[in-house]
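Structure file query22.txt; described as compact mmCIF, N, CA and C atoms.
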```txt
# COMPACT_ATOMS: atom_id res chain seq x y z
N MET A 1 30.28 86.40 159.13
CA MET A 1 31.29 85.53 158.58
C MET A 1 31.11 85.46 157.07
N ARG A 2 32.20 85.56 156.39
CA ARG A 2 32.18 85.54 154.93
C ARG A 2 32.18 84.10 154.43
N ARG A 3 31.37 83.91 153.43
CA ARG A 3 31.41 82.60 152.79
C ARG A 3 32.56 82.57 151.81
N PRO A 4 33.22 81.43 151.68
CA PRO A 4 34.30 81.37 150.70
C PRO A 4 33.73 81.52 149.28
N ILE A 5 34.48 82.20 148.46
CA ILE A 5 34.07 82.37 147.08
C ILE A 5 34.32 81.05 146.34
N ARG A 6 33.25 80.58 145.81
CA ARG A 6 33.35 79.32 145.09
C ARG A 6 33.74 79.61 143.65
N GLN A 7 34.80 78.97 143.23
CA GLN A 7 35.23 79.17 141.85
C GLN A 7 34.26 78.46 140.93
N ARG A 8 33.92 79.16 139.91
CA ARG A 8 32.95 78.62 138.97
C ARG A 8 33.52 77.46 138.18
N HIS A 9 34.78 77.54 137.80
CA HIS A 9 35.42 76.49 137.02
C HIS A 9 36.57 75.90 137.81
N ALA A 10 36.24 75.30 138.91
CA ALA A 10 37.26 74.72 139.76
C ALA A 10 37.99 73.58 139.06
N HIS A 11 37.31 72.91 138.15
CA HIS A 11 37.91 71.80 137.41
C HIS A 11 37.85 72.11 135.92
N PRO A 12 38.81 72.86 135.40
CA PRO A 12 38.73 73.28 134.00
C PRO A 12 38.80 72.11 133.01
N HIS A 13 39.33 70.99 133.43
CA HIS A 13 39.45 69.85 132.52
C HIS A 13 38.29 68.87 132.64
N ARG A 14 37.29 69.25 133.42
CA ARG A 14 36.16 68.36 133.66
C ARG A 14 35.43 68.04 132.36
N HIS A 15 35.34 68.98 131.44
CA HIS A 15 34.63 68.77 130.18
C HIS A 15 35.59 68.44 129.03
N ALA A 16 36.85 68.26 129.35
CA ALA A 16 37.83 67.99 128.29
C ALA A 16 37.62 66.62 127.66
N GLY A 17 37.10 65.66 128.40
CA GLY A 17 36.91 64.31 127.87
C GLY A 17 36.05 64.29 126.62
N PRO A 18 34.81 64.80 126.67
CA PRO A 18 33.98 64.80 125.48
C PRO A 18 34.56 65.65 124.35
N LEU A 19 35.17 66.78 124.69
CA LEU A 19 35.77 67.63 123.68
C LEU A 19 36.95 66.92 123.01
N ALA A 20 37.79 66.28 123.80
CA ALA A 20 38.93 65.55 123.25
C ALA A 20 38.46 64.41 122.37
N LEU A 21 37.42 63.73 122.81
CA LEU A 21 36.88 62.63 122.02
C LEU A 21 36.37 63.13 120.67
N ALA A 22 35.66 64.24 120.68
CA ALA A 22 35.15 64.81 119.43
C ALA A 22 36.29 65.21 118.51
N LEU A 23 37.34 65.80 119.08
CA LEU A 23 38.50 66.21 118.27
C LEU A 23 39.19 64.99 117.69
N LEU A 24 39.37 63.95 118.49
CA LEU A 24 40.01 62.73 117.98
C LEU A 24 39.20 62.10 116.86
N LEU A 25 37.88 62.07 117.02
CA LEU A 25 37.03 61.50 115.98
C LEU A 25 37.12 62.32 114.69
N ALA A 26 37.17 63.64 114.82
CA ALA A 26 37.28 64.50 113.64
C ALA A 26 38.62 64.27 112.94
N LEU A 27 39.70 64.18 113.72
CA LEU A 27 41.01 63.94 113.13
C LEU A 27 41.08 62.56 112.49
N ALA A 28 40.50 61.58 113.15
CA ALA A 28 40.50 60.23 112.58
C ALA A 28 39.73 60.21 111.27
N GLY A 29 38.62 60.94 111.22
CA GLY A 29 37.84 61.00 109.99
C GLY A 29 38.61 61.66 108.87
N SER A 30 39.33 62.74 109.17
CA SER A 30 40.09 63.42 108.12
C SER A 30 41.26 62.57 107.67
N ARG A 31 41.87 61.80 108.58
CA ARG A 31 42.95 60.91 108.21
C ARG A 31 42.43 59.81 107.30
N ALA A 32 41.22 59.32 107.60
CA ALA A 32 40.65 58.27 106.76
C ALA A 32 40.41 58.78 105.35
N LEU A 33 40.08 60.05 105.22
CA LEU A 33 39.88 60.61 103.89
C LEU A 33 41.19 60.78 103.14
N ALA A 34 42.26 60.94 103.89
CA ALA A 34 43.54 61.16 103.25
C ALA A 34 44.17 59.87 102.75
N GLU A 35 43.72 58.76 103.22
CA GLU A 35 44.25 57.48 102.80
C GLU A 35 43.21 56.76 101.96
N PRO A 36 43.59 56.31 100.78
CA PRO A 36 42.59 55.61 99.97
C PRO A 36 42.22 54.28 100.60
N ARG A 37 41.02 53.83 100.32
CA ARG A 37 40.61 52.52 100.80
C ARG A 37 41.55 51.50 100.19
N HIS A 38 41.87 50.47 100.95
CA HIS A 38 42.80 49.46 100.46
C HIS A 38 42.26 48.82 99.19
N ALA A 39 40.97 48.56 99.12
CA ALA A 39 40.39 47.94 97.94
C ALA A 39 40.57 48.82 96.71
N THR A 40 40.51 50.13 96.87
CA THR A 40 40.68 51.04 95.76
C THR A 40 42.11 50.96 95.22
N VAL A 41 43.09 50.95 96.10
CA VAL A 41 44.48 50.82 95.68
C VAL A 41 44.68 49.48 94.99
N GLU A 42 44.09 48.44 95.54
CA GLU A 42 44.22 47.12 94.92
C GLU A 42 43.56 47.10 93.54
N ASP A 43 42.44 47.77 93.40
CA ASP A 43 41.79 47.84 92.10
C ASP A 43 42.70 48.51 91.07
N CYS A 44 43.32 49.60 91.45
CA CYS A 44 44.23 50.31 90.55
C CYS A 44 45.48 49.48 90.27
N ALA A 45 45.93 48.77 91.29
CA ALA A 45 47.16 47.98 91.17
C ALA A 45 47.02 46.86 90.16
N ALA A 46 45.81 46.44 89.88
CA ALA A 46 45.62 45.38 88.89
C ALA A 46 46.26 45.76 87.56
N CYS A 47 46.22 47.03 87.21
CA CYS A 47 46.83 47.49 85.94
C CYS A 47 48.08 48.33 86.16
N HIS A 48 48.06 49.20 87.19
CA HIS A 48 49.14 50.17 87.38
C HIS A 48 50.18 49.71 88.39
N GLY A 49 49.95 48.57 89.03
CA GLY A 49 50.89 48.05 90.02
C GLY A 49 50.74 48.71 91.37
N LEU A 50 50.89 47.93 92.44
CA LEU A 50 50.81 48.47 93.80
C LEU A 50 51.93 49.49 94.02
N ASP A 51 53.04 49.26 93.35
CA ASP A 51 54.17 50.18 93.44
C ASP A 51 54.11 51.30 92.41
N GLY A 52 53.00 51.35 91.64
CA GLY A 52 52.81 52.40 90.65
C GLY A 52 53.53 52.14 89.35
N ILE A 53 54.14 50.97 89.22
CA ILE A 53 54.85 50.60 88.00
C ILE A 53 54.01 49.57 87.25
N ALA A 54 53.50 49.97 86.09
CA ALA A 54 52.64 49.10 85.29
C ALA A 54 53.47 47.98 84.67
N ARG A 55 52.86 46.82 84.54
CA ARG A 55 53.53 45.66 83.95
C ARG A 55 53.29 45.59 82.44
N ASP A 56 52.30 46.30 81.97
CA ASP A 56 51.93 46.30 80.55
C ASP A 56 52.46 47.59 79.92
N THR A 57 53.05 47.49 78.76
CA THR A 57 53.61 48.67 78.09
C THR A 57 52.54 49.66 77.64
N GLU A 58 51.30 49.22 77.56
CA GLU A 58 50.19 50.10 77.14
C GLU A 58 49.60 50.88 78.32
N VAL A 59 50.05 50.57 79.53
CA VAL A 59 49.50 51.19 80.75
C VAL A 59 50.56 52.11 81.35
N PRO A 60 50.20 53.35 81.67
CA PRO A 60 51.22 54.28 82.22
C PRO A 60 51.60 53.97 83.66
N HIS A 61 52.86 54.26 83.97
CA HIS A 61 53.33 54.20 85.36
C HIS A 61 52.73 55.39 86.10
N LEU A 62 52.34 55.19 87.34
CA LEU A 62 51.79 56.28 88.15
C LEU A 62 52.75 56.73 89.24
N ALA A 63 53.71 55.90 89.59
CA ALA A 63 54.65 56.23 90.67
C ALA A 63 55.41 57.50 90.35
N GLY A 64 55.38 58.43 91.30
CA GLY A 64 56.13 59.67 91.17
C GLY A 64 55.53 60.70 90.23
N GLN A 65 54.35 60.42 89.68
CA GLN A 65 53.69 61.41 88.81
C GLN A 65 53.26 62.60 89.66
N ASN A 66 53.06 63.72 89.02
CA ASN A 66 52.60 64.92 89.69
C ASN A 66 51.20 64.68 90.27
N GLU A 67 51.04 65.00 91.55
CA GLU A 67 49.78 64.74 92.25
C GLU A 67 48.60 65.46 91.60
N ARG A 68 48.78 66.73 91.28
CA ARG A 68 47.69 67.50 90.66
C ARG A 68 47.32 66.91 89.30
N TYR A 69 48.32 66.50 88.53
CA TYR A 69 48.06 65.89 87.22
C TYR A 69 47.23 64.62 87.40
N LEU A 70 47.64 63.74 88.33
CA LEU A 70 46.89 62.50 88.56
C LEU A 70 45.45 62.81 88.96
N PHE A 71 45.28 63.76 89.87
CA PHE A 71 43.94 64.13 90.33
C PHE A 71 43.09 64.64 89.17
N ASN A 72 43.65 65.55 88.39
CA ASN A 72 42.90 66.13 87.27
C ASN A 72 42.52 65.09 86.23
N GLN A 73 43.42 64.17 85.94
CA GLN A 73 43.12 63.13 84.95
C GLN A 73 42.02 62.20 85.45
N MET A 74 42.10 61.83 86.73
CA MET A 74 41.06 60.96 87.29
C MET A 74 39.70 61.65 87.30
N MET A 75 39.69 62.95 87.59
CA MET A 75 38.43 63.70 87.56
C MET A 75 37.89 63.77 86.13
N ALA A 76 38.79 63.89 85.15
CA ALA A 76 38.36 63.92 83.75
C ALA A 76 37.80 62.56 83.33
N PHE A 77 38.41 61.47 83.77
CA PHE A 77 37.87 60.14 83.49
C PHE A 77 36.51 59.98 84.15
N ARG A 78 36.42 60.45 85.40
CA ARG A 78 35.17 60.32 86.17
C ARG A 78 34.02 61.06 85.49
N SER A 79 34.29 62.25 84.99
CA SER A 79 33.24 63.06 84.37
C SER A 79 32.96 62.66 82.92
N GLY A 80 33.88 61.90 82.33
CA GLY A 80 33.73 61.53 80.92
C GLY A 80 34.40 62.50 79.98
N LYS A 81 35.03 63.56 80.50
CA LYS A 81 35.72 64.52 79.64
C LYS A 81 36.93 63.89 78.96
N ARG A 82 37.53 62.94 79.62
CA ARG A 82 38.63 62.19 79.02
C ARG A 82 38.10 60.78 78.76
N ALA A 83 38.11 60.39 77.52
CA ALA A 83 37.52 59.10 77.14
C ALA A 83 38.51 57.95 77.30
N HIS A 84 38.10 56.96 78.07
CA HIS A 84 38.83 55.70 78.21
C HIS A 84 37.88 54.76 78.94
N LYS A 85 37.46 53.72 78.25
CA LYS A 85 36.41 52.86 78.77
C LYS A 85 36.73 52.29 80.15
N GLU A 86 37.91 51.71 80.32
CA GLU A 86 38.27 51.08 81.60
C GLU A 86 38.42 52.12 82.71
N MET A 87 39.07 53.24 82.39
CA MET A 87 39.29 54.26 83.42
C MET A 87 37.97 54.94 83.80
N ARG A 88 37.10 55.13 82.86
CA ARG A 88 35.77 55.69 83.17
C ARG A 88 35.03 54.76 84.12
N TYR A 89 35.10 53.47 83.85
CA TYR A 89 34.45 52.48 84.70
C TYR A 89 35.02 52.52 86.12
N MET A 90 36.34 52.62 86.23
CA MET A 90 37.00 52.62 87.55
C MET A 90 36.71 53.92 88.31
N ALA A 91 36.75 55.05 87.63
CA ALA A 91 36.66 56.34 88.30
C ALA A 91 35.24 56.79 88.60
N ARG A 92 34.26 56.29 87.89
CA ARG A 92 32.91 56.84 88.01
C ARG A 92 32.30 56.68 89.40
N THR A 93 32.70 55.67 90.16
CA THR A 93 32.12 55.48 91.49
C THR A 93 33.01 56.03 92.61
N MET A 94 34.18 56.54 92.27
CA MET A 94 35.08 57.07 93.30
C MET A 94 34.65 58.46 93.74
N SER A 95 34.79 58.71 95.02
CA SER A 95 34.51 60.06 95.53
C SER A 95 35.70 60.96 95.21
N VAL A 96 35.49 62.24 95.31
CA VAL A 96 36.58 63.21 95.10
C VAL A 96 37.68 62.96 96.12
N GLU A 97 37.30 62.63 97.35
CA GLU A 97 38.28 62.36 98.40
C GLU A 97 39.11 61.13 98.08
N GLU A 98 38.47 60.09 97.55
CA GLU A 98 39.21 58.88 97.18
C GLU A 98 40.18 59.16 96.03
N ILE A 99 39.73 59.94 95.06
CA ILE A 99 40.60 60.29 93.94
C ILE A 99 41.79 61.11 94.44
N ALA A 100 41.54 62.04 95.33
CA ALA A 100 42.63 62.85 95.90
C ALA A 100 43.60 61.97 96.67
N ALA A 101 43.08 61.02 97.44
CA ALA A 101 43.94 60.13 98.21
C ALA A 101 44.78 59.24 97.29
N LEU A 102 44.18 58.75 96.23
CA LEU A 102 44.93 57.93 95.27
C LEU A 102 46.02 58.75 94.59
N ALA A 103 45.71 59.97 94.21
CA ALA A 103 46.70 60.84 93.59
C ALA A 103 47.87 61.08 94.54
N THR A 104 47.56 61.32 95.81
CA THR A 104 48.59 61.51 96.82
C THR A 104 49.43 60.25 96.98
N TYR A 105 48.78 59.10 97.03
CA TYR A 105 49.45 57.81 97.21
C TYR A 105 50.44 57.56 96.08
N TYR A 106 49.97 57.63 94.84
CA TYR A 106 50.85 57.31 93.71
C TYR A 106 51.92 58.37 93.50
N ALA A 107 51.61 59.63 93.77
CA ALA A 107 52.62 60.69 93.63
C ALA A 107 53.76 60.53 94.63
N ALA A 108 53.45 59.95 95.79
CA ALA A 108 54.45 59.78 96.85
C ALA A 108 55.38 58.59 96.60
N LEU A 109 55.02 57.72 95.68
CA LEU A 109 55.87 56.55 95.41
C LEU A 109 57.10 56.96 94.60
N PRO A 110 58.20 56.25 94.81
CA PRO A 110 59.40 56.60 94.04
C PRO A 110 59.21 56.27 92.56
N PRO A 111 59.57 57.19 91.68
CA PRO A 111 59.43 56.92 90.25
C PRO A 111 60.43 55.89 89.77
N ARG A 112 60.15 55.34 88.64
CA ARG A 112 61.04 54.32 88.08
C ARG A 112 62.16 54.97 87.34
```
So, in terms of structure tokens, how does the structure I just supplied come out?
Amino acid sequence: MRRPIRQRHAHPHRHAGPLALALLLALAGSRALAEPRHATVEDCAACHGLDGIARDTEVPHLAGQNERYLFNQMMAFRSGKRAHKEMRYMARTMSVEEIAALATYYAALPPR
């Protein structure tokens, strides 16, 4: 009498739970990097406005600015290549990911 052939992977989705969980965690982590921390946006909003429109004529509007330009300027402030006391103070502790997220945030706002 022949024994039935046992399929090796009778339940192909049996290991999908841990794999799906790992994928969700990875996606959640990348999404978190794409969005600036709320406190960071609030810190910038003190001068540049939450809507990217500055209330002071000496402060530039950020809403609708080119994303790459915003990123490059923040990196220059962070490194000290572009001199500005307040901006150097704000940018020096930001990660590259936070700067990128802020650039994306302000670039996506409607310009004035």
- Item | Selection near region 62-76 of chain A, 6.5 Å with all atoms listed in the file, sequence-local residues under 2 positions removed, as a PyMOL selection string | chain A and resi 48+51-54+60+78-83+91+99-100+103-104+106-112
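For the atom pair formed by CA of Gly49 (chain A) and CA of Met90 (chain A), the distance is 14.8 Å, given to one decimal.
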- In Å, how far is it from CA of Arg55 (chain A) to atom C of Glu97 (chain A)? 25.4 Å
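Counting from CA of His84 (chain A), the distance to CA of Ala45 (chain A) is 17.2 Å.
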